[in-house]
file run-v6.txt (compact mmCIF, C-alpha atoms and all ligand atoms)
# COMPACT_ATOMS: atom_id res chain seq x y z
CA MET A 1 72.43 -20.43 -14.26
CA ARG A 2 68.71 -21.15 -14.34
CA LEU A 3 66.89 -20.55 -17.61
CA PHE A 4 63.26 -19.51 -17.52
CA ALA A 5 61.09 -19.39 -20.63
CA ASP A 6 59.47 -16.03 -21.31
CA THR A 7 56.37 -17.42 -22.98
CA GLY A 8 52.89 -18.86 -22.66
CA ASP A 9 53.38 -21.20 -25.63
CA VAL A 10 52.63 -24.64 -24.16
CA ASN A 11 53.98 -26.50 -27.21
CA PHE A 12 57.32 -24.78 -26.79
CA LEU A 13 57.30 -25.48 -23.05
CA ARG A 14 56.52 -29.18 -23.62
CA LYS A 15 59.33 -29.51 -26.15
CA PHE A 16 62.00 -27.93 -23.98
CA ALA A 17 60.71 -28.76 -20.47
CA TYR A 18 63.88 -30.78 -19.81
CA LEU A 19 65.95 -27.56 -20.01
CA ILE A 20 63.52 -25.05 -18.53
CA ASP A 21 63.67 -24.11 -14.83
CA GLY A 22 60.68 -21.76 -14.72
CA VAL A 23 58.33 -19.59 -16.77
CA THR A 24 57.62 -15.87 -16.94
CA THR A 25 54.52 -14.36 -18.46
CA ASN A 26 53.05 -10.88 -18.61
CA PRO A 27 49.69 -9.55 -19.87
CA THR A 28 51.06 -9.22 -23.43
CA ILE A 29 52.35 -12.81 -23.46
CA ILE A 30 49.05 -14.16 -22.06
CA ALA A 31 46.95 -12.14 -24.54
CA LYS A 32 49.00 -13.57 -27.44
CA GLU A 33 47.86 -17.12 -26.62
CA GLY A 34 44.15 -16.21 -26.95
CA ARG A 35 43.10 -18.71 -24.28
CA PRO A 36 41.26 -18.44 -20.95
CA PHE A 37 43.81 -17.19 -18.42
CA LYS A 38 43.36 -19.74 -15.61
CA GLU A 39 43.20 -22.72 -17.95
CA LEU A 40 46.45 -21.58 -19.63
CA VAL A 41 48.27 -21.01 -16.33
CA GLN A 42 47.18 -24.42 -14.99
CA GLU A 43 48.51 -26.07 -18.13
CA ILE A 44 51.83 -24.22 -17.87
CA CYS A 45 52.13 -25.34 -14.24
CA SER A 46 51.50 -28.95 -15.27
CA ILE A 47 54.35 -28.81 -17.80
CA VAL A 48 57.12 -26.98 -15.95
CA ASP A 49 58.00 -27.93 -12.39
CA GLY A 50 59.41 -24.58 -11.29
CA PRO A 51 58.34 -21.00 -10.60
CA VAL A 52 55.54 -19.83 -12.92
CA ASN A 53 55.33 -16.03 -12.94
CA VAL A 54 51.96 -14.38 -13.58
CA GLU A 55 51.31 -10.68 -13.35
CA ALA A 56 48.91 -8.79 -11.08
CA VAL A 57 47.25 -5.90 -12.89
CA GLN A 58 45.68 -3.99 -9.99
CA LYS A 59 47.22 -0.63 -9.07
CA GLU A 60 46.45 0.03 -5.39
CA ALA A 61 48.23 -2.01 -2.70
CA PRO A 62 45.13 -3.61 -1.08
CA ALA A 63 43.75 -4.61 -4.49
CA ILE A 64 47.15 -5.96 -5.59
CA VAL A 65 47.36 -8.05 -2.40
CA GLU A 66 43.88 -9.47 -2.98
CA GLU A 67 44.61 -10.25 -6.61
CA ALA A 68 47.97 -11.82 -5.71
CA LEU A 69 46.36 -14.05 -3.09
CA GLY A 70 43.92 -15.28 -5.72
CA LEU A 71 46.68 -15.89 -8.26
CA SER A 72 48.84 -17.73 -5.74
CA ARG A 73 45.96 -20.12 -4.95
CA MET A 74 46.03 -21.40 -8.55
CA HIS A 75 49.16 -23.52 -7.98
CA LYS A 76 51.97 -23.93 -5.44
CA ASN A 77 54.57 -22.76 -8.00
CA ILE A 78 52.94 -19.41 -8.77
CA VAL A 79 55.08 -16.29 -8.34
CA VAL A 80 53.16 -13.02 -8.61
CA LYS A 81 54.73 -10.31 -10.74
CA ILE A 82 54.06 -6.85 -9.41
CA ALA A 83 54.97 -3.64 -11.23
CA MET A 84 57.66 -1.44 -9.66
CA THR A 85 55.57 1.30 -8.07
CA GLU A 86 55.28 2.53 -4.50
CA GLU A 87 51.87 0.83 -4.17
CA GLY A 88 53.37 -2.28 -5.71
CA LEU A 89 56.17 -2.47 -3.14
CA ARG A 90 53.70 -1.90 -0.31
CA ALA A 91 51.81 -4.94 -1.61
CA VAL A 92 55.07 -6.93 -1.92
CA SER A 93 55.82 -6.23 1.73
CA GLU A 94 52.34 -7.47 2.80
CA LEU A 95 52.57 -10.53 0.58
CA ALA A 96 56.00 -11.45 1.97
CA LYS A 97 54.41 -11.65 5.44
CA LYS A 98 51.71 -13.92 4.04
CA GLY A 99 54.24 -16.21 2.34
CA VAL A 100 53.26 -15.28 -1.25
CA LYS A 101 56.24 -15.22 -3.62
CA THR A 102 56.69 -12.02 -5.64
CA ASN A 103 58.70 -10.79 -8.61
CA VAL A 104 59.01 -7.02 -8.95
CA THR A 105 58.80 -6.33 -12.66
CA LEU A 106 59.51 -3.40 -14.97
CA VAL A 107 62.73 -2.60 -13.09
CA PHE A 108 64.93 -0.10 -14.92
CA SER A 109 67.29 1.20 -12.23
CA ALA A 110 69.52 -0.14 -9.45
CA ASN A 111 67.67 1.94 -6.86
CA GLN A 112 64.39 0.30 -7.87
CA ALA A 113 66.04 -3.11 -7.41
CA LEU A 114 67.37 -2.04 -4.00
CA LEU A 115 63.91 -0.95 -2.83
CA ALA A 116 62.25 -4.09 -4.20
CA ALA A 117 64.69 -6.22 -2.21
CA LYS A 118 64.06 -4.19 0.95
CA ALA A 119 60.31 -4.67 0.49
CA GLY A 120 60.86 -8.44 0.51
CA ALA A 121 60.59 -9.39 -3.17
CA ASN A 122 61.78 -12.91 -3.98
CA TYR A 123 62.79 -11.84 -7.50
CA VAL A 124 63.39 -8.65 -9.48
CA SER A 125 63.11 -8.41 -13.25
CA PRO A 126 65.32 -5.76 -14.87
CA PHE A 127 64.26 -5.39 -18.53
CA ILE A 128 67.57 -5.13 -20.36
CA GLY A 129 66.30 -5.18 -23.96
CA ARG A 130 63.93 -2.29 -23.36
CA LEU A 131 66.80 -0.31 -21.81
CA ASP A 132 68.99 -1.05 -24.84
CA ASP A 133 66.13 0.10 -27.07
CA ALA A 134 66.05 3.40 -25.13
CA GLY A 135 69.79 3.91 -25.68
CA GLN A 136 70.93 2.76 -22.22
CA ASP A 137 73.13 -0.25 -21.43
CA GLY A 138 70.84 -2.94 -20.01
CA LEU A 139 73.70 -5.23 -19.02
CA LEU A 140 75.33 -2.43 -17.02
CA LEU A 141 72.16 -2.39 -14.90
CA ILE A 142 72.53 -6.13 -14.26
CA GLU A 143 76.14 -5.56 -13.12
CA GLU A 144 75.04 -2.76 -10.78
CA ILE A 145 72.24 -4.79 -9.21
CA MET A 146 74.43 -7.89 -8.82
CA ASP A 147 77.16 -5.78 -7.15
CA ILE A 148 74.69 -4.21 -4.73
CA TYR A 149 72.97 -7.50 -3.88
CA THR A 150 76.37 -9.18 -3.35
CA ASN A 151 77.62 -6.31 -1.15
CA TYR A 152 74.74 -6.76 1.25
CA GLY A 153 74.06 -10.49 0.94
CA VAL A 154 70.60 -9.76 -0.48
CA GLU A 155 68.56 -12.93 -1.06
CA THR A 156 66.32 -11.47 -3.77
CA GLU A 157 67.20 -13.12 -7.07
CA VAL A 158 67.75 -11.27 -10.33
CA ILE A 159 65.82 -12.51 -13.36
CA VAL A 160 67.44 -10.97 -16.43
CA ALA A 161 64.39 -10.08 -18.54
CA SER A 162 63.59 -8.59 -21.92
CA VAL A 163 66.33 -10.71 -23.47
CA ARG A 164 66.69 -10.01 -27.18
CA HIS A 165 69.57 -12.18 -28.44
CA PRO A 166 72.01 -14.96 -27.43
CA LEU A 167 74.76 -12.50 -26.42
CA HIS A 168 72.47 -11.16 -23.70
CA VAL A 169 72.37 -14.67 -22.21
CA VAL A 170 76.17 -15.12 -22.36
CA ALA A 171 76.78 -11.71 -20.79
CA ALA A 172 74.21 -12.29 -18.05
CA ALA A 173 75.83 -15.65 -17.24
CA ARG A 174 79.32 -14.10 -17.13
CA ILE A 175 78.09 -11.43 -14.74
CA GLY A 176 76.73 -14.25 -12.56
CA ALA A 177 73.03 -13.42 -12.75
CA PRO A 178 71.20 -16.40 -11.25
CA ILE A 179 68.37 -16.48 -13.81
CA ALA A 180 67.67 -15.29 -17.35
CA THR A 181 64.21 -15.51 -18.87
CA VAL A 182 64.46 -16.19 -22.55
CA PRO A 183 61.80 -15.92 -25.28
CA PRO A 184 61.39 -18.95 -27.61
CA SER A 185 63.02 -17.20 -30.60
CA VAL A 186 66.23 -16.61 -28.62
CA PHE A 187 66.09 -19.95 -26.78
CA GLU A 188 66.20 -21.91 -30.03
CA LEU A 189 69.21 -19.88 -31.20
CA LEU A 190 71.18 -20.99 -28.12
CA PHE A 191 71.50 -24.49 -29.64
CA LYS A 192 72.98 -23.33 -32.89
CA HIS A 193 76.39 -22.66 -34.40
CA PRO A 194 77.09 -22.88 -38.15
CA LEU A 195 80.37 -24.73 -37.51
CA THR A 196 78.46 -27.45 -35.64
CA ASP A 197 76.20 -28.01 -38.69
CA LEU A 198 79.19 -27.94 -41.04
CA GLY A 199 81.12 -30.37 -38.82
CA ILE A 200 78.23 -32.85 -38.74
CA LYS A 201 77.89 -32.71 -42.52
CA ARG A 202 81.61 -33.28 -43.05
CA PHE A 203 81.67 -36.25 -40.65
CA ASP A 204 78.57 -37.73 -42.35
CA ASP A 205 80.14 -37.34 -45.81
CA ASP A 206 83.40 -38.94 -44.67
CA TRP A 207 81.62 -41.73 -42.82
CA LYS A 208 80.01 -42.80 -46.11
CA LYS A 209 83.54 -43.59 -47.38
CA VAL A 210 84.32 -45.94 -44.49
CA GLN A 211 83.79 -49.66 -45.02
CA VAL A 212 81.91 -51.10 -42.10
CA GLU A 213 82.01 -54.88 -41.65
CA LYS A 214 78.65 -56.59 -41.36
CA ARG A 215 78.14 -58.63 -38.19
C1 LIG B 301 59.80 -10.62 -18.23
O1 LIG B 301 59.34 -11.16 -17.26
C2 LIG B 301 59.00 -10.01 -19.31
O2 LIG B 301 57.89 -10.84 -19.56
C3 LIG B 301 59.73 -9.90 -20.61
O3 LIG B 301 61.08 -10.30 -20.49
C4 LIG B 301 59.52 -8.62 -21.34
O4 LIG B 301 60.26 -8.66 -22.52
P1 LIG B 301 60.01 -7.68 -23.76
O5 LIG B 301 60.71 -6.41 -23.48
O6 LIG B 301 60.61 -8.41 -24.92
O7 LIG B 301 58.52 -7.52 -23.89
call {"tool": "encode", "arguments": {"input": "run-v6.txt", "output": "structure tokens"}}
result
Amino acid sequence: MRLFADTGDVNFLRKFAYLIDGVTTNPTIIAKEGRPFKELVQEICSIVDGPVNVEAVQKEAPAIVEEALGLSRMHKNIVVKIAMTEEGLRAVSELAKKGVKTNVTLVFSANQALLAAKAGANYVSPFIGRLDDAGQDGLLLIEEIMDIYTNYGVETEVIVASVRHPLHVVAAARIGAPIATVPPSVFELLFKHPLTDLGIKRFDDDWKKVQVEKR
């Protein structure tokens, strides 16, 4: 499973670059960093050698295509996130012909994921945490999309997004989702288990009782 970081925090990305396969951002994430957009994206691309997802904000297909072309010129690893609308998918279809990689975002149903794949999206981003928040089972959506994509040998890859806790990552991996994008707060929790800390302490305490010969 590939792990993407759902963040624009360059210090976090530098620290964990050895484990991170790609990056996802969105307008909220970019705004949080309070830095000029292009400068931030260039820095992210210099840290992580993998897909770096940045979002187009235009609403009409021709304008989305133009914006996406501009974004994709920033770096060879740029993937353009495009919101799941009819205009958005029209743009995705155009961009696929031009060789621009796209990620259809704000996906909340299997039919949306099916249409995004048919339009030629390289990735889809179902937002499981936001579905959970709305009282629907986000992971069930991942199962549905994975089943459909497997049935038809679809090449579009699922990025499990809006991850809220470590169990989301485990469940996504068990379903076989190829990618999960994880925010820093959850990423750091993936390292931890209280029994690991307890075990280290016990071994350290016991080691102090062992006589070690000097060389
Ligand atoms: C994914 O690409 C999105 O940036 C992200 O996962 C949204 O997560 P949120 O629901 O926590 O804002």
call {"tool": "atom_distance", "arguments": {"input": "run-v6.txt", "atom1": "CA of Ser109 in chain A", "atom2": "CA of Leu189 in chain A"}}
result
28.4 Å
call {"tool": "closest_atom_pairs", "arguments": {"input": "run-v6.txt", "of": "chain A", "to": "ligand LIG 301 (chain B)", "cutoff": "9 Å", "atoms": "all atoms listed in the file", "output": "JSON lines"}}
result
{"residue": "A:Asp6", "atom": "CA", "partner": "B:LIG301", "partner_atom": "O2", "distance": 5.7}
{"residue": "A:Thr7", "atom": "CA", "partner": "B:LIG301", "partner_atom": "O2", "distance": 7.6}
{"residue": "A:Val23", "atom": "CA", "partner": "B:LIG301", "partner_atom": "O1", "distance": 8.5}
{"residue": "A:Thr24", "atom": "CA", "partner": "B:LIG301", "partner_atom": "O1", "distance": 5.0}
{"residue": "A:Thr25", "atom": "CA", "partner": "B:LIG301", "partner_atom": "O2", "distance": 5.0}
{"residue": "A:Asn26", "atom": "CA", "partner": "B:LIG301", "partner_atom": "O2", "distance": 4.9}
{"residue": "A:Pro27", "atom": "CA", "partner": "B:LIG301", "partner_atom": "O2", "distance": 8.3}
{"residue": "A:Thr28", "atom": "CA", "partner": "B:LIG301", "partner_atom": "O7", "distance": 7.7}
{"residue": "A:Ile29", "atom": "CA", "partner": "B:LIG301", "partner_atom": "O2", "distance": 7.1}
{"residue": "A:Asn53", "atom": "CA", "partner": "B:LIG301", "partner_atom": "O1", "distance": 7.6}
{"residue": "A:Val54", "atom": "CA", "partner": "B:LIG301", "partner_atom": "O1", "distance": 8.9}
{"residue": "A:Glu55", "atom": "CA", "partner": "B:LIG301", "partner_atom": "O1", "distance": 8.9}
{"residue": "A:Lys81", "atom": "CA", "partner": "B:LIG301", "partner_atom": "O1", "distance": 8.0}
{"residue": "A:Asn103", "atom": "CA", "partner": "B:LIG301", "partner_atom": "O1", "distance": 8.7}
{"residue": "A:Thr105", "atom": "CA", "partner": "B:LIG301", "partner_atom": "O1", "distance": 6.7}
{"residue": "A:Leu106", "atom": "CA", "partner": "B:LIG301", "partner_atom": "C2", "distance": 7.9}
{"residue": "A:Ser125", "atom": "CA", "partner": "B:LIG301", "partner_atom": "O1", "distance": 6.2}
{"residue": "A:Pro126", "atom": "CA", "partner": "B:LIG301", "partner_atom": "C1", "distance": 8.1}
{"residue": "A:Phe127", "atom": "CA", "partner": "B:LIG301", "partner_atom": "O3", "distance": 6.2}
{"residue": "A:Ile128", "atom": "CA", "partner": "B:LIG301", "partner_atom": "O5", "distance": 7.6}
{"residue": "A:Gly129", "atom": "CA", "partner": "B:LIG301", "partner_atom": "O5", "distance": 5.7}
{"residue": "A:Arg130", "atom": "CA", "partner": "B:LIG301", "partner_atom": "O5", "distance": 5.2}
{"residue": "A:Leu131", "atom": "CA", "partner": "B:LIG301", "partner_atom": "O5", "distance": 8.8}
{"residue": "A:Ile159", "atom": "CA", "partner": "B:LIG301", "partner_atom": "O1", "distance": 7.7}
{"residue": "A:Val160", "atom": "CA", "partner": "B:LIG301", "partner_atom": "O3", "distance": 7.6}
{"residue": "A:Ala161", "atom": "CA", "partner": "B:LIG301", "partner_atom": "O3", "distance": 3.8}
{"residue": "A:Ser162", "atom": "CA", "partner": "B:LIG301", "partner_atom": "O3", "distance": 3.4}
{"residue": "A:Val163", "atom": "CA", "partner": "B:LIG301", "partner_atom": "O3", "distance": 6.1}
{"residue": "A:Arg164", "atom": "CA", "partner": "B:LIG301", "partner_atom": "O6", "distance": 6.7}
{"residue": "A:Ala180", "atom": "CA", "partner": "B:LIG301", "partner_atom": "O3", "distance": 8.8}
{"residue": "A:Thr181", "atom": "CA", "partner": "B:LIG301", "partner_atom": "O3", "distance": 6.3}
{"residue": "A:Val182", "atom": "CA", "partner": "B:LIG301", "partner_atom": "O3", "distance": 7.1}
{"residue": "A:Pro183", "atom": "CA", "partner": "B:LIG301", "partner_atom": "O3", "distance": 7.4}
call {"tool": "atom_distance", "arguments": {"input": "run-v6.txt", "atom1": "CA of Arg90 in chain A", "atom2": "CA of Met74 in chain A"}}
result
22.5 Å
call {"tool": "atom_distance", "arguments": {"input": "run-v6.txt", "atom1": "CA of Phe108 in chain A", "atom2": "CA of His165 in chain A"}}
result
18.7 Å
call {"tool": "residues_around", "arguments": {"input": "run-v6.txt", "residues": "range 190-197 of chain A", "least_positions_apart": "2", "cutoff": "12 Å", "atoms": "all atoms listed in the file", "output": "list in words"}}
result
Leu3, Phe16, Leu19, Arg164, His165, Pro166, Leu167, His168, Val169, Val170, Val182, Pro183, Pro184, Ser185, Val186, Phe187, Glu188, Gly199, Ile200, Lys201, Arg202, Phe203 and Asp204 of chain A
call {"tool": "residues_around", "arguments": {"input": "run-v6.txt", "residues": "Gly176 in chain A", "least_positions_apart": "2", "cutoff": "10 Å", "atoms": "only C-alpha atoms", "output": "ChimeraX atom specification"}}
result
/A:1,142-143,146,158,170-174,178-179
call {"tool": "residues_around", "arguments": {"input": "run-v6.txt", "residues": "Gly50 in chain A", "least_positions_apart": "2", "cutoff": "9 Å", "atoms": "all atoms listed in the file", "output": "list in words"}}
result
Phe4, Ile20, Asp21, Gly22, Val23, Cys45, Val48, Val52, Asn77 and Ile78 of chain A
call {"tool": "residues_around", "arguments": {"input": "run-v6.txt", "residues": "Ile47 in chain A", "least_positions_apart": "6", "cutoff": "8 Å", "atoms": "only C-alpha atoms", "output": "PyMOL selection string"}}
result
chain A and resi 10+13-14+17
call {"tool": "write_last_selection", "arguments": {"input": "run-v6.txt", "atoms": "C-alpha atoms", "output": "CSV table (one decimal), keeping the file's coordinate frame"}}
result
chain,number,residue,atom,x,y,z
A,10,VAL,CA,52.6,-24.6,-24.2
A,13,LEU,CA,57.3,-25.5,-23.0
A,14,ARG,CA,56.5,-29.2,-23.6
A,17,ALA,CA,60.7,-28.8,-20.5
call {"tool": "residues_around", "arguments": {"input": "run-v6.txt", "residues": "Gln58 in chain A", "least_positions_apart": "3", "cutoff": "10 Å", "atoms": "only C-alpha atoms", "output": "number ranges by chain"}}
result
A: 55, 61-68, 82-83, 87-88
call {"tool": "closest_residue", "arguments": {"input": "run-v6.txt", "among": "A:Ile175, A:Val107, A:Leu198, A:Ala113", "to": "Leu139 in chain A", "atoms": "all atoms listed in the file"}}
result
A:Ile175
call {"tool": "closest_residue", "arguments": {"input": "run-v6.txt", "among": "A:Val212, A:Ile148, A:Leu69, A:Ala110", "to": "Lys98 in chain A", "atoms": "only C-alpha atoms"}}
result
A:Leu69
call {"tool": "closest_residue", "arguments": {"input": "run-v6.txt", "among": "A:Ser46, A:Asn122, A:Gln112, A:Gln211", "to": "Glu144 in chain A", "atoms": "all atoms listed in the file"}}
result
A:Gln112
call {"tool": "closest_residue", "arguments": {"input": "run-v6.txt", "among": "A:Val124, A:Val80, A:Leu71, A:Ala119", "to": "Ser93 in chain A", "atoms": "only C-alpha atoms"}}
result
A:Ala119
call {"tool": "build_atoms", "arguments": {"input": "run-v6.txt", "residues": "range 60-76 of chain A", "atoms": "N, CA, C and O atoms", "output": "short mmCIF file (atom, residue, chain, number, x, y, z; two decimals), in the coordinates of the input"}}
result
data_model
loop_
_atom_site.label_atom_id
_atom_site.label_comp_id
_atom_site.auth_asym_id
_atom_site.auth_seq_id
_atom_site.Cartn_x
_atom_site.Cartn_y
_atom_site.Cartn_z
N GLU A 60 46.37 -0.39 -6.79
CA GLU A 60 46.45 0.03 -5.39
C GLU A 60 46.86 -1.17 -4.53
O GLU A 60 46.42 -2.30 -4.79
N ALA A 61 47.67 -0.91 -3.49
CA ALA A 61 48.23 -2.01 -2.70
C ALA A 61 47.19 -3.03 -2.20
O ALA A 61 47.39 -4.24 -2.41
N PRO A 62 46.07 -2.59 -1.59
CA PRO A 62 45.13 -3.61 -1.08
C PRO A 62 44.57 -4.48 -2.22
O PRO A 62 44.41 -5.69 -2.05
N ALA A 63 44.30 -3.85 -3.35
CA ALA A 63 43.75 -4.61 -4.49
C ALA A 63 44.81 -5.55 -5.08
O ALA A 63 44.51 -6.68 -5.49
N ILE A 64 46.07 -5.09 -5.09
CA ILE A 64 47.15 -5.96 -5.59
C ILE A 64 47.28 -7.18 -4.69
O ILE A 64 47.41 -8.31 -5.15
N VAL A 65 47.22 -6.93 -3.36
CA VAL A 65 47.36 -8.05 -2.40
C VAL A 65 46.24 -9.06 -2.63
O VAL A 65 46.48 -10.27 -2.71
N GLU A 66 45.02 -8.56 -2.78
CA GLU A 66 43.88 -9.47 -2.98
C GLU A 66 44.04 -10.28 -4.27
O GLU A 66 43.85 -11.49 -4.30
N GLU A 67 44.43 -9.56 -5.33
CA GLU A 67 44.61 -10.25 -6.61
C GLU A 67 45.73 -11.30 -6.50
O GLU A 67 45.60 -12.43 -6.98
N ALA A 68 46.82 -10.91 -5.85
CA ALA A 68 47.97 -11.82 -5.71
C ALA A 68 47.60 -13.07 -4.92
O ALA A 68 48.03 -14.18 -5.26
N LEU A 69 46.79 -12.88 -3.88
CA LEU A 69 46.36 -14.05 -3.09
C LEU A 69 45.57 -15.02 -3.96
O LEU A 69 45.76 -16.24 -3.91
N GLY A 70 44.71 -14.45 -4.80
CA GLY A 70 43.92 -15.28 -5.72
C GLY A 70 44.81 -16.01 -6.71
O GLY A 70 44.66 -17.22 -6.95
N LEU A 71 45.76 -15.28 -7.28
CA LEU A 71 46.68 -15.89 -8.26
C LEU A 71 47.48 -17.01 -7.61
O LEU A 71 47.67 -18.08 -8.19
N SER A 72 47.96 -16.75 -6.40
CA SER A 72 48.84 -17.73 -5.74
C SER A 72 48.09 -19.02 -5.38
O SER A 72 48.70 -20.07 -5.22
N ARG A 73 46.75 -18.91 -5.27
CA ARG A 73 45.96 -20.12 -4.95
C ARG A 73 45.83 -21.05 -6.16
O ARG A 73 45.44 -22.20 -6.01
N MET A 74 46.19 -20.56 -7.35
CA MET A 74 46.03 -21.40 -8.55
C MET A 74 46.97 -22.60 -8.54
O MET A 74 46.65 -23.66 -9.05
N HIS A 75 48.17 -22.41 -7.98
CA HIS A 75 49.16 -23.52 -7.98
C HIS A 75 50.29 -23.16 -7.01
O HIS A 75 50.59 -21.99 -6.84
N LYS A 76 50.91 -24.18 -6.44
CA LYS A 76 51.97 -23.93 -5.44
C LYS A 76 53.19 -23.24 -6.06
O LYS A 76 53.98 -22.60 -5.35
#
